[in-house]
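Enquirer: My structure is stored as structure.pdb, with PDB, C-alpha atoms.
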ATOM      1  CA  MET A1058     -22.693  34.207 -11.473
ATOM      2  CA  PHE A1059     -23.818  35.860  -8.230
ATOM      3  CA  GLU A1060     -23.538  39.647  -8.482
ATOM      4  CA  GLY A1061     -24.723  42.667  -6.524
ATOM      5  CA  VAL A1062     -25.508  43.215  -2.858
ATOM      6  CA  PHE A1063     -26.864  40.332  -0.784
ATOM      7  CA  VAL A1064     -28.082  40.693   2.779
ATOM      8  CA  PRO A1065     -27.044  38.014   5.299
ATOM      9  CA  HIS A1066     -30.330  38.549   7.064
ATOM     10  CA  ILE A1067     -31.090  38.053  10.730
ATOM     11  CA  THR A1068     -33.399  35.409  12.161
ATOM     12  CA  PRO A1069     -36.130  37.147  14.194
ATOM     13  CA  PHE A1070     -37.146  35.623  17.522
ATOM     14  CA  ASP A1071     -40.095  36.256  19.824
ATOM     15  CA  GLU A1072     -39.983  36.774  23.590
ATOM     16  CA  GLU A1073     -39.478  33.034  24.144
ATOM     17  CA  GLU A1074     -36.593  32.857  21.655
ATOM     18  CA  LYS A1075     -38.766  30.998  19.142
ATOM     19  CA  ILE A1076     -38.551  31.849  15.451
ATOM     20  CA  ASN A1077     -40.935  34.701  14.684
ATOM     21  CA  GLU A1078     -42.365  33.361  11.427
ATOM     22  CA  GLU A1079     -44.527  36.390  10.684
ATOM     23  CA  MET A1080     -41.624  38.799  11.084
ATOM     24  CA  LEU A1081     -39.354  36.578   8.992
ATOM     25  CA  ARG A1082     -41.864  36.681   6.142
ATOM     26  CA  GLU A1083     -42.135  40.453   6.493
ATOM     27  CA  LEU A1084     -38.353  40.836   6.346
ATOM     28  CA  VAL A1085     -38.124  38.895   3.085
ATOM     29  CA  HIS A1086     -40.450  41.414   1.421
ATOM     30  CA  TYR A1087     -38.748  44.351   3.140
ATOM     31  CA  PHE A1088     -35.417  43.410   1.588
ATOM     32  CA  ALA A1089     -36.997  42.781  -1.818
ATOM     33  CA  ASP A1090     -38.615  46.226  -1.694
ATOM     34  CA  ALA A1091     -35.189  47.711  -1.001
ATOM     35  CA  LYS A1092     -34.038  46.245  -4.354
ATOM     36  CA  LEU A1093     -31.294  44.076  -2.925
ATOM     37  CA  ASN A1094     -29.951  41.458  -5.301
ATOM     38  CA  GLY A1095     -30.458  38.478  -3.030
ATOM     39  CA  LEU A1096     -30.650  36.960   0.423
ATOM     40  CA  VAL A1097     -28.174  34.911   2.414
ATOM     41  CA  THR A1098     -30.174  32.821   4.851
ATOM     42  CA  LEU A1099     -28.520  31.134   7.853
ATOM     43  CA  GLY A1100     -25.376  33.193   7.665
ATOM     44  CA  SER A1101     -23.552  34.511  10.712
ATOM     45  CA  ASN A1102     -26.142  37.215  11.313
ATOM     46  CA  GLY A1103     -28.863  34.589  11.075
ATOM     47  CA  GLU A1104     -27.376  33.056  14.243
ATOM     48  CA  PHE A1105     -27.097  29.677  12.549
ATOM     49  CA  PRO A1106     -24.950  28.088  15.297
ATOM     50  CA  TYR A1107     -27.829  28.720  17.732
ATOM     51  CA  LEU A1108     -30.455  26.999  15.551
ATOM     52  CA  SER A1109     -31.263  23.289  15.572
ATOM     53  CA  PHE A1110     -31.130  21.320  12.328
ATOM     54  CA  GLU A1111     -34.936  21.348  12.160
ATOM     55  CA  GLU A1112     -35.081  25.103  12.797
ATOM     56  CA  LYS A1113     -32.626  25.735   9.974
ATOM     57  CA  LEU A1114     -34.859  23.865   7.550
ATOM     58  CA  LYS A1115     -37.897  25.741   8.851
ATOM     59  CA  VAL A1116     -36.244  29.107   8.235
ATOM     60  CA  LEU A1117     -35.160  28.083   4.745
ATOM     61  CA  LYS A1118     -38.651  26.882   3.829
ATOM     62  CA  ILE A1119     -40.262  30.130   4.994
ATOM     63  CA  VAL A1120     -37.763  32.280   3.132
ATOM     64  CA  ARG A1121     -38.134  30.182  -0.026
ATOM     65  CA  GLU A1122     -41.929  30.453   0.136
ATOM     66  CA  GLU A1123     -41.803  34.243   0.377
ATOM     67  CA  SER A1124     -38.800  35.279  -1.675
ATOM     68  CA  SER A1125     -38.696  36.362  -5.288
ATOM     69  CA  LEU A1126     -34.967  37.018  -4.860
ATOM     70  CA  PRO A1127     -32.142  34.490  -5.195
ATOM     71  CA  ILE A1128     -31.379  32.716  -1.911
ATOM     72  CA  ILE A1129     -27.972  31.510  -0.810
ATOM     73  CA  ALA A1130     -28.249  29.148   2.150
ATOM     74  CA  GLY A1131     -25.569  28.936   4.815
ATOM     75  CA  VAL A1132     -25.022  25.230   5.456
ATOM     76  CA  ALA A1133     -21.822  25.154   7.500
ATOM     77  CA  GLU A1134     -21.572  22.362  10.059
ATOM     78  CA  ASN A1135     -18.596  21.034  11.973
ATOM     79  CA  SER A1136     -18.339  17.697  10.182
ATOM     80  CA  THR A1137     -18.226  17.050   6.461
ATOM     81  CA  ARG A1138     -21.002  14.479   6.851
ATOM     82  CA  GLU A1139     -23.419  16.904   8.570
ATOM     83  CA  THR A1140     -22.585  19.698   6.140
ATOM     84  CA  ILE A1141     -23.494  17.442   3.223
ATOM     85  CA  LYS A1142     -26.718  16.403   4.939
ATOM     86  CA  LEU A1143     -27.824  20.018   5.491
ATOM     87  CA  ALA A1144     -26.642  21.070   2.030
ATOM     88  CA  LYS A1145     -28.763  18.411   0.329
ATOM     89  CA  GLU A1146     -31.819  19.346   2.390
ATOM     90  CA  ALA A1147     -31.346  23.042   1.582
ATOM     91  CA  TRP A1148     -30.944  22.314  -2.126
ATOM     92  CA  ASP A1149     -34.115  20.209  -2.102
ATOM     93  CA  ILE A1150     -35.991  23.148  -0.546
ATOM     94  CA  GLY A1151     -35.085  25.154  -3.636
ATOM     95  CA  VAL A1152     -32.347  27.605  -2.724
ATOM     96  CA  ASP A1153     -30.117  28.988  -5.461
ATOM     97  CA  GLY A1154     -26.726  28.432  -3.877
ATOM     98  CA  LEU A1155     -24.940  27.193  -0.773
ATOM     99  CA  LEU A1156     -22.542  29.186   1.410
ATOM    100  CA  ILE A1157     -20.107  27.030   3.347
ATOM    101  CA  ALA A1158     -17.713  28.242   6.026
ATOM    102  CA  PRO A1159     -14.901  26.001   7.294
ATOM    103  CA  PRO A1160     -15.507  23.790  10.331
ATOM    104  CA  TYR A1161     -15.183  26.030  13.371
ATOM    105  CA  TYR A1162     -14.432  23.776  16.371
ATOM    106  CA  PHE A1163     -11.614  21.420  15.426
ATOM    107  CA  LYS A1164      -9.456  23.387  12.991
ATOM    108  CA  PRO A1165      -8.646  21.430   9.808
ATOM    109  CA  ASN A1166      -5.241  21.819   8.197
ATOM    110  CA  VAL A1167      -4.828  22.788   4.541
ATOM    111  CA  ARG A1168      -5.048  19.195   3.281
ATOM    112  CA  GLU A1169      -8.106  18.464   5.405
ATOM    113  CA  LEU A1170      -9.837  21.674   4.374
ATOM    114  CA  PHE A1171      -9.353  20.886   0.699
ATOM    115  CA  ALA A1172     -10.690  17.365   1.240
ATOM    116  CA  HIS A1173     -13.685  18.740   3.182
ATOM    117  CA  TYR A1174     -14.780  21.077   0.404
ATOM    118  CA  SER A1175     -13.966  18.556  -2.326
ATOM    119  CA  ARG A1176     -16.169  15.894  -0.774
ATOM    120  CA  ILE A1177     -19.042  18.363  -0.433
ATOM    121  CA  ALA A1178     -18.669  19.611  -4.014
ATOM    122  CA  TYR A1179     -18.583  16.027  -5.276
ATOM    123  CA  GLU A1180     -21.654  14.855  -3.354
ATOM    124  CA  VAL A1181     -23.881  17.950  -3.598
ATOM    125  CA  GLU A1182     -24.939  18.972  -7.096
ATOM    126  CA  ALA A1183     -25.524  22.630  -6.316
ATOM    127  CA  PRO A1184     -23.661  25.937  -6.771
ATOM    128  CA  ILE A1185     -21.313  26.361  -3.812
ATOM    129  CA  LEU A1186     -19.740  29.529  -2.448
ATOM    130  CA  LEU A1187     -16.829  29.279  -0.055
ATOM    131  CA  TYR A1188     -17.107  31.458   3.033
ATOM    132  CA  ASN A1189     -13.872  32.838   4.419
ATOM    133  CA  VAL A1190     -14.668  34.289   7.852
ATOM    134  CA  PRO A1191     -11.590  34.109  10.100
ATOM    135  CA  LYS A1192     -13.294  36.404  12.636
ATOM    136  CA  PHE A1193     -15.451  33.456  13.698
ATOM    137  CA  THR A1194     -13.590  30.342  12.507
ATOM    138  CA  THR A1195      -9.978  31.548  13.010
ATOM    139  CA  ILE A1196      -9.253  29.957   9.604
ATOM    140  CA  ASN A1197      -8.133  32.077   6.662
ATOM    141  CA  ILE A1198      -8.757  29.779   3.700
ATOM    142  CA  ASP A1199      -5.491  29.555   1.785
ATOM    143  CA  ILE A1200      -5.823  31.124  -1.672
ATOM    144  CA  ASP A1201      -3.969  28.143  -3.152
ATOM    145  CA  VAL A1202      -6.763  25.952  -1.764
ATOM    146  CA  VAL A1203      -9.402  28.242  -3.260
ATOM    147  CA  GLU A1204      -7.698  28.152  -6.649
ATOM    148  CA  LYS A1205      -7.324  24.366  -6.617
ATOM    149  CA  LEU A1206     -10.957  23.861  -5.600
ATOM    150  CA  VAL A1207     -12.123  26.140  -8.407
ATOM    151  CA  GLU A1208      -9.971  24.247 -10.916
ATOM    152  CA  GLU A1209     -11.292  20.843  -9.864
ATOM    153  CA  HIS A1210     -14.973  21.541  -9.146
ATOM    154  CA  SER A1211     -17.162  23.406 -11.616
ATOM    155  CA  ASN A1212     -19.941  23.797  -9.024
ATOM    156  CA  ILE A1213     -17.748  25.947  -6.777
ATOM    157  CA  VAL A1214     -18.946  29.250  -8.166
ATOM    158  CA  GLY A1215     -17.957  31.929  -5.677
ATOM    159  CA  ILE A1216     -16.421  33.054  -2.430
ATOM    160  CA  LYS A1217     -17.585  35.465   0.220
ATOM    161  CA  ASP A1218     -14.440  36.815   1.823
ATOM    162  CA  SER A1219     -14.901  38.459   5.218
ATOM    163  CA  GLY A1220     -11.225  38.629   6.077
ATOM    164  CA  GLY A1221     -11.202  42.419   5.858
ATOM    165  CA  SER A1222      -8.104  42.599   3.664
ATOM    166  CA  ILE A1223      -8.248  44.478   0.368
ATOM    167  CA  GLY A1224      -4.932  42.860  -0.544
ATOM    168  CA  ARG A1225      -6.408  39.384  -0.180
ATOM    169  CA  LEU A1226      -9.492  40.348  -2.177
ATOM    170  CA  ALA A1227      -7.237  41.731  -4.912
ATOM    171  CA  GLU A1228      -5.310  38.458  -5.072
ATOM    172  CA  LEU A1229      -8.538  36.440  -5.223
ATOM    173  CA  ILE A1230      -9.729  38.659  -8.070
ATOM    174  CA  ARG A1231      -6.411  38.231  -9.885
ATOM    175  CA  ARG A1232      -6.288  34.458  -9.534
ATOM    176  CA  VAL A1233      -9.913  33.317  -9.762
ATOM    177  CA  GLY A1234     -11.999  36.430 -10.444
ATOM    178  CA  GLY A1235     -12.533  35.439 -14.071
ATOM    179  CA  LYS A1236     -13.972  32.073 -13.053
ATOM    180  CA  ILE A1237     -16.092  32.645  -9.933
ATOM    181  CA  SER A1238     -17.957  35.400  -8.110
ATOM    182  CA  ILE A1239     -15.825  37.337  -5.642
ATOM    183  CA  LEU A1240     -18.049  38.894  -2.981
ATOM    184  CA  ALA A1241     -16.761  41.288  -0.339
ATOM    185  CA  GLY A1242     -17.885  40.171   3.106
ATOM    186  CA  THR A1243     -17.094  43.373   4.976
ATOM    187  CA  ALA A1244     -19.029  46.568   4.287
ATOM    188  CA  ASP A1245     -16.005  48.879   4.399
ATOM    189  CA  LEU A1246     -14.488  47.101   1.386
ATOM    190  CA  MET A1247     -17.497  47.132  -0.936
ATOM    191  CA  TYR A1248     -16.556  50.028  -3.213
ATOM    192  CA  PRO A1249     -12.772  49.412  -3.061
ATOM    193  CA  SER A1250     -13.235  45.761  -4.009
ATOM    194  CA  TRP A1251     -15.624  46.595  -6.859
ATOM    195  CA  ILE A1252     -13.107  49.031  -8.305
ATOM    196  CA  LEU A1253     -10.650  46.116  -8.426
ATOM    197  CA  GLY A1254     -13.148  43.764 -10.083
ATOM    198  CA  ALA A1255     -15.154  42.044  -7.346
ATOM    199  CA  HIS A1256     -18.680  41.110  -8.340
ATOM    200  CA  GLY A1257     -20.688  42.170  -5.290
ATOM    201  CA  ALA A1258     -20.949  41.949  -1.529
ATOM    202  CA  VAL A1259     -22.648  40.096   1.319
ATOM    203  CA  VAL A1260     -22.662  42.541   4.220
ATOM    204  CA  ALA A1261     -24.258  42.588   7.659
ATOM    205  CA  VAL A1262     -24.953  46.316   7.542
ATOM    206  CA  ALA A1263     -27.474  45.697   4.743
ATOM    207  CA  ASN A1264     -29.853  44.471   7.462
ATOM    208  CA  VAL A1265     -29.954  48.016   8.827
ATOM    209  CA  ALA A1266     -29.403  50.122   5.701
ATOM    210  CA  PRO A1267     -30.358  48.031   2.671
ATOM    211  CA  ARG A1268     -31.239  51.016   0.509
ATOM    212  CA  LEU A1269     -27.939  52.741   1.198
ATOM    213  CA  CYS A1270     -26.074  49.596   0.146
ATOM    214  CA  VAL A1271     -28.136  49.315  -3.032
ATOM    215  CA  GLU A1272     -27.581  52.992  -3.796
ATOM    216  CA  LEU A1273     -23.833  52.518  -3.398
ATOM    217  CA  TYR A1274     -23.849  49.569  -5.803
ATOM    218  CA  ASN A1275     -25.936  51.458  -8.345
ATOM    219  CA  ALA A1276     -23.713  54.541  -8.083
ATOM    220  CA  PHE A1277     -20.678  52.361  -8.795
ATOM    221  CA  ARG A1278     -22.320  50.655 -11.775
ATOM    222  CA  GLU A1279     -23.404  54.020 -13.178
ATOM    223  CA  GLN A1280     -19.858  55.391 -12.752
ATOM    224  CA  ARG A1281     -21.008  58.081 -10.322
ATOM    225  CA  TYR A1282     -17.821  57.643  -8.364
ATOM    226  CA  GLN A1283     -17.996  60.744  -6.168
ATOM    227  CA  ARG A1284     -21.444  59.693  -4.986
ATOM    228  CA  ALA A1285     -20.185  56.148  -4.424
ATOM    229  CA  ARG A1286     -17.279  57.447  -2.363
ATOM    230  CA  ARG A1287     -19.581  59.520  -0.131
ATOM    231  CA  LEU A1288     -21.955  56.591   0.374
ATOM    232  CA  GLN A1289     -19.074  54.251   1.217
ATOM    233  CA  LEU A1290     -17.823  56.640   3.901
ATOM    234  CA  MET A1291     -21.328  56.880   5.371
ATOM    235  CA  ILE A1292     -21.714  53.085   5.397
ATOM    236  CA  ASN A1293     -18.271  52.705   6.985
ATOM    237  CA  TYR A1294     -19.372  54.909   9.873
ATOM    238  CA  LEU A1295     -22.528  52.862  10.413
ATOM    239  CA  ASN A1296     -20.616  49.598  10.066
ATOM    240  CA  GLU A1297     -18.075  50.582  12.718
ATOM    241  CA  VAL A1298     -20.882  50.944  15.278
ATOM    242  CA  VAL A1299     -23.395  48.201  14.457
ATOM    243  CA  VAL A1300     -20.971  45.494  13.290
ATOM    244  CA  LYS A1301     -17.530  46.104  14.787
ATOM    245  CA  LYS A1302     -17.953  47.987  18.059
ATOM    246  CA  TYR A1303     -20.404  45.705  19.871
ATOM    247  CA  ASN A1304     -21.692  42.149  19.656
ATOM    248  CA  GLN A1305     -22.870  42.396  16.078
ATOM    249  CA  ILE A1306     -25.899  40.100  16.296
ATOM    250  CA  SER A1307     -27.141  42.147  19.264
ATOM    251  CA  ALA A1308     -26.295  45.533  17.736
ATOM    252  CA  ILE A1309     -27.828  44.804  14.347
ATOM    253  CA  LYS A1310     -31.112  43.695  15.899
ATOM    254  CA  GLU A1311     -31.170  46.753  18.152
ATOM    255  CA  ALA A1312     -30.565  49.025  15.153
ATOM    256  CA  MET A1313     -33.298  47.308  13.147
ATOM    257  CA  ARG A1314     -35.736  47.742  16.038
ATOM    258  CA  MET A1315     -34.892  51.452  16.176
ATOM    259  CA  CYS A1316     -35.715  51.597  12.458
ATOM    260  CA  GLY A1317     -39.164  50.136  13.146
ATOM    261  CA  LEU A1318     -38.581  46.422  12.547
ATOM    262  CA  GLU A1319     -39.618  44.361  15.576
ATOM    263  CA  VAL A1320     -37.088  41.585  15.111
ATOM    264  CA  GLY A1321     -36.672  40.760  18.794
ATOM    265  CA  TYR A1322     -33.359  40.005  20.450
ATOM    266  CA  PRO A1323     -30.571  37.496  19.838
ATOM    267  CA  ARG A1324     -30.615  34.076  21.421
ATOM    268  CA  MET A1325     -28.594  33.522  24.538
ATOM    269  CA  PRO A1326     -25.772  33.539  25.341
ATOM    270  CA  ALA A1327     -25.880  36.815  23.363
ATOM    271  CA  LEU A1328     -27.672  39.514  25.346
ATOM    272  CA  PRO A1329     -29.364  42.841  24.533
ATOM    273  CA  LEU A1330     -26.990  45.800  24.689
ATOM    274  CA  ASP A1331     -26.733  48.199  27.627
ATOM    275  CA  GLU A1332     -28.099  51.751  27.621
ATOM    276  CA  LYS A1333     -24.813  53.395  26.679
ATOM    277  CA  ALA A1334     -24.487  51.208  23.602
ATOM    278  CA  LEU A1335     -28.109  51.837  22.641
ATOM    279  CA  GLU A1336     -27.566  55.590  22.847
ATOM    280  CA  ASP A1337     -24.481  55.254  20.648
ATOM    281  CA  ILE A1338     -26.381  53.274  18.010
ATOM    282  CA  GLU A1339     -29.343  55.663  18.077
ATOM    283  CA  LYS A1340     -27.024  58.657  17.671
ATOM    284  CA  THR A1341     -25.362  57.007  14.667
ATOM    285  CA  LEU A1342     -28.674  56.155  12.999
ATOM    286  CA  ILE A1343     -29.881  59.745  13.473
ATOM    287  CA  GLU A1344     -26.664  61.190  12.012
ATOM    288  CA  ILE A1345     -26.959  58.983   8.951
ATOM    289  CA  GLY A1346     -30.636  59.797   8.544
ATOM    290  CA  LEU A1347     -32.038  56.318   9.060
ATOM    291  CA  ILE A1348     -34.292  57.425  11.910
TER     292      ILE A1348
END
Mind turning the file's structure into structure tokens?
Expert:
Amino acid sequence: MFEGVFVPHITPFDEEEKINEEMLRELVHYFADAKLNGLVTLGSNGEFPYLSFEEKLKVLKIVREESSLPIIAGVAENSTRETIKLAKEAWDIGVDGLLIAPPYYFKPNVRELFAHYSRIAYEVEAPILLYNVPKFTTINIDIDVVEKLVEEHSNIVGIKDSGGSIGRLAELIRRVGGKISILAGTADLMYPSWILGAHGAVVAVANVAPRLCVELYNAFREQRYQRARRLQLMINYLNEVVVKKYNQISAIKEAMRMCGLEVGYPRMPALPLDEKALEDIEKTLIEIGLI
């Protein structure tokens, strides 16, 4: 079972928008030193839609070479066939699990979505985590579909839910929380979801404040609930600025650069933020004590 705080880490690029291999290797160790429980490679913050198939494999190989932490690989593609192809390649590289969002161009209906995940689970002998991220796919995976997939496929072992609804997370916990890992996908619901029985979180803000996220998780596990509450409020404030207020892949990289990590900028069409946004992010990081 996947438990704890995982970082859906960024993909660093150089001035020519090429993968910065040296920085990527450095980041793997940076997150391990922060005592995170694992890495999610090629998630949304890794800008996976902007990477070629070959680049995705390159990133996975580098991370696998460097990491002592469990790795969950994002392998979402728009067709079932291509998703299976990437999933098998990722599994052969040696990752520990696969994170799969729904197709995000043509929108499958409930029957098609169930068939999509079923075919993948049948053909790929690896632990699979569903990825519910309606912010980007516009699809909110029906909980009935989740429950049926869990019943029929033993290698579907978890779900990252980034829908932002504590009610939905509670229902997932009630219906399948005893069978699979329920991971909060939005930072503002980490502590609330853990109180209800979720097993961990995969949150973008961990790129910027990994130690704060780890401290929150440890405070919860040690039943230091007042400390956990204060940390959650602090993380919420940071999350509102670097994840929700601006283009998150731009804002997260800007915040990381302000913290001393030269991760470059996002690939176009995403652009660096303007001066007003940079001042806002810097002010937030100072208030929280990250710089």
Enquirer: Taking (-25.8, 35.3, 10.7) in the file's coordinates as the center, which residues reach within 9 Å of it, counting all atoms listed in the file, put as a PyMOL selection string?
Expert: chain A and resi 1065-1068+1097-1106+1131+1261+1306
Enquirer: Keeping only C-alpha atoms, write those residues as a short mmCIF file (atom, residue, chain, number, x, y, z; two decimals), keeping the file's coordinate frame.
Expert:
data_model
loop_
_atom_site.label_atom_id
_atom_site.label_comp_id
_atom_site.auth_asym_id
_atom_site.auth_seq_id
_atom_site.Cartn_x
_atom_site.Cartn_y
_atom_site.Cartn_z
CA PRO A 1065 -27.04 38.01 5.30
CA HIS A 1066 -30.33 38.55 7.06
CA ILE A 1067 -31.09 38.05 10.73
CA THR A 1068 -33.40 35.41 12.16
CA VAL A 1097 -28.17 34.91 2.41
CA THR A 1098 -30.17 32.82 4.85
CA LEU A 1099 -28.52 31.13 7.85
CA GLY A 1100 -25.38 33.19 7.66
CA SER A 1101 -23.55 34.51 10.71
CA ASN A 1102 -26.14 37.22 11.31
CA GLY A 1103 -28.86 34.59 11.08
CA GLU A 1104 -27.38 33.06 14.24
CA PHE A 1105 -27.10 29.68 12.55
CA PRO A 1106 -24.95 28.09 15.30
CA GLY A 1131 -25.57 28.94 4.82
CA ALA A 1261 -24.26 42.59 7.66
CA ILE A 1306 -25.90 40.10 16.30
#
Enquirer: Taking 4 positions as the minimum chain separation for residues in the same chain, which residues sit within 12 Å of A:Glu1209 when counting all atoms listed in the file? Answer as JSON, numbers by chain.
Expert: {"A": [1171, 1172, 1174, 1175, 1176, 1178, 1179, 1202, 1203, 1204, 1205, 1213, 1214, 1236]}
Enquirer: Determine, counting all atoms listed in the file, which protein, DNA and RNA residues have an atom within 12 Å of an atom of A:Arg1278; residues of the same chain fewer than 6 positions away are not included. Present the result as a PyMOL selection string.
Expert: chain A and resi 1060-1061+1248+1251-1252+1254+1256-1257+1271-1272+1284-1285
Enquirer: Taking the file as shown, what set of residues would the PyMOL selection byres ((chain A and resi 1191) around 10) give back, as an NGL selection string?
Expert: :A and (1158-1159 or 1161 or 1188-1190 or 1192-1198 or 1218-1221)
Enquirer: Apply the PyMOL selection byres ((chain A and resi 1348) around 9) to the displayed file and report the matching residues as a PDB file with C-alpha atoms, in the coordinates of the input.
Expert:
ATOM      1  CA  MET A1315     -34.892  51.452  16.176  1.00  0.00           C
ATOM      2  CA  CYS A1316     -35.715  51.597  12.458  1.00  0.00           C
ATOM      3  CA  GLY A1317     -39.164  50.136  13.146  1.00  0.00           C
ATOM      4  CA  GLU A1339     -29.343  55.663  18.077  1.00  0.00           C
ATOM      5  CA  LEU A1342     -28.674  56.155  12.999  1.00  0.00           C
ATOM      6  CA  ILE A1343     -29.881  59.745  13.473  1.00  0.00           C
ATOM      7  CA  GLU A1344     -26.664  61.190  12.012  1.00  0.00           C
ATOM      8  CA  ILE A1345     -26.959  58.983   8.951  1.00  0.00           C
ATOM      9  CA  GLY A1346     -30.636  59.797   8.544  1.00  0.00           C
ATOM     10  CA  LEU A1347     -32.038  56.318   9.060  1.00  0.00           C
TER      11      LEU A1347
END
Enquirer: Would you compute the distance between atom CA of A:Ala1255 and atom CA of A:Leu1229? Give it in Å to one decimal.
Expert: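 Between these atoms lies a distance of 8.9 Å.
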Enquirer: Please identify all polymer residues within 7 Å of A:Arg1082, counting only C-alpha atoms, omitting same-chain residues fewer than 2 positions from it, and present them as a PDB file with C-alpha atoms, in the frame of the given file.
Expert:
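Output file selection_34.pdb is given in full below:
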ATOM      1  CA  GLU A1078     -42.365  33.361  11.427  1.00  0.00           C
ATOM      2  CA  GLU A1079     -44.527  36.390  10.684  1.00  0.00           C
ATOM      3  CA  MET A1080     -41.624  38.799  11.084  1.00  0.00           C
ATOM      4  CA  LEU A1084     -38.353  40.836   6.346  1.00  0.00           C
ATOM      5  CA  VAL A1085     -38.124  38.895   3.085  1.00  0.00           C
ATOM      6  CA  HIS A1086     -40.450  41.414   1.421  1.00  0.00           C
ATOM      7  CA  ILE A1119     -40.262  30.130   4.994  1.00  0.00           C
ATOM      8  CA  VAL A1120     -37.763  32.280   3.132  1.00  0.00           C
ATOM      9  CA  GLU A1123     -41.803  34.243   0.377  1.00  0.00           C
TER      10      GLU A1123
END
Enquirer: What is the distance between atom CA of A:Ala1091 and atom CA of A:Pro1249, in Å to one decimal?
Expert: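 Between these atoms lies a distance of 22.6 Å.
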Enquirer: Taking (-25.3, 44.5, 3.4) as a centre in this file's frame and 7 Å as the limit, can you find every polymer residue with an atom that close, using all atoms listed in the file, and give them as a PyMOL selection string?
Expert: chain A and resi 1062-1065+1244+1259-1264+1267+1270
Enquirer: Could you produce a table of the residues of stretch 1162-1234 of chain A lying within 8 Å of stretch 1134-1139 of chain A, with the nearest pair of atoms per residue and their separation in Å rounded to one decimal, using only C-alpha atoms, ordered by chain and increasing residue number, as JSON lines?
Expert:
{"residue": "A:Tyr1162", "atom": "CA", "partner": "A:Asn1135", "partner_atom": "CA", "distance": 6.6}
{"residue": "A:Phe1163", "atom": "CA", "partner": "A:Asn1135", "partner_atom": "CA", "distance": 7.8}
{"residue": "A:His1173", "atom": "CA", "partner": "A:Thr1137", "partner_atom": "CA", "distance": 5.9}
{"residue": "A:Arg1176", "atom": "CA", "partner": "A:Thr1137", "partner_atom": "CA", "distance": 7.6}
{"residue": "A:Ile1177", "atom": "CA", "partner": "A:Thr1137", "partner_atom": "CA", "distance": 7.1}
Enquirer: For atom CA of A:Ile1292 and atom CA of A:Leu1273, determine how far apart the two atoms are, in Å to one decimal place.
Expert: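 Between atom CA of A:Ile1292 and atom CA of A:Leu1273 the gap works out to 9.1 Å.
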Enquirer: Using all atoms listed in the file, which residue out of A:Ala1327, A:Leu1093, A:Leu1290, A:Ile1239 lies closest to A:Leu1187?
Expert: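 Closest to A:Leu1187, using all atoms listed in the file: A:Ile1239.
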Enquirer: Could you tell me which of A:Pro1326, A:Ser1238, A:Ile1223, A:Lys1142 comes closest to A:Tyr1107 if we count only C-alpha atoms?
Expert: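 Of A:Pro1326, A:Ser1238, A:Ile1223, A:Lys1142, the one nearest A:Tyr1107, counting only C-alpha atoms, is A:Pro1326.
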Enquirer: Given the file shown, enumerate the residues that the PyMOL selection byres ((chain A and resi 1245) around 7) captures and present them as a PyMOL selection string.
Expert: chain A and resi 1243-1244+1246-1247+1289+1293
Enquirer: Choose the residue, out of A:Asn1304, A:Asn1094, A:Asn1296, A:Ser1250, that has the smallest atom-to-atom separation from A:Arg1225; count only C-alpha atoms.
Expert: A:Ser1250
Enquirer: Nearest to A:Ala1227: which of A:Lys1302, A:Leu1240, A:Lys1333, A:Leu1114 is it, counting only C-alpha atoms?
Expert: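 For A:Ala1227, the nearest of the given residues is A:Leu1240.
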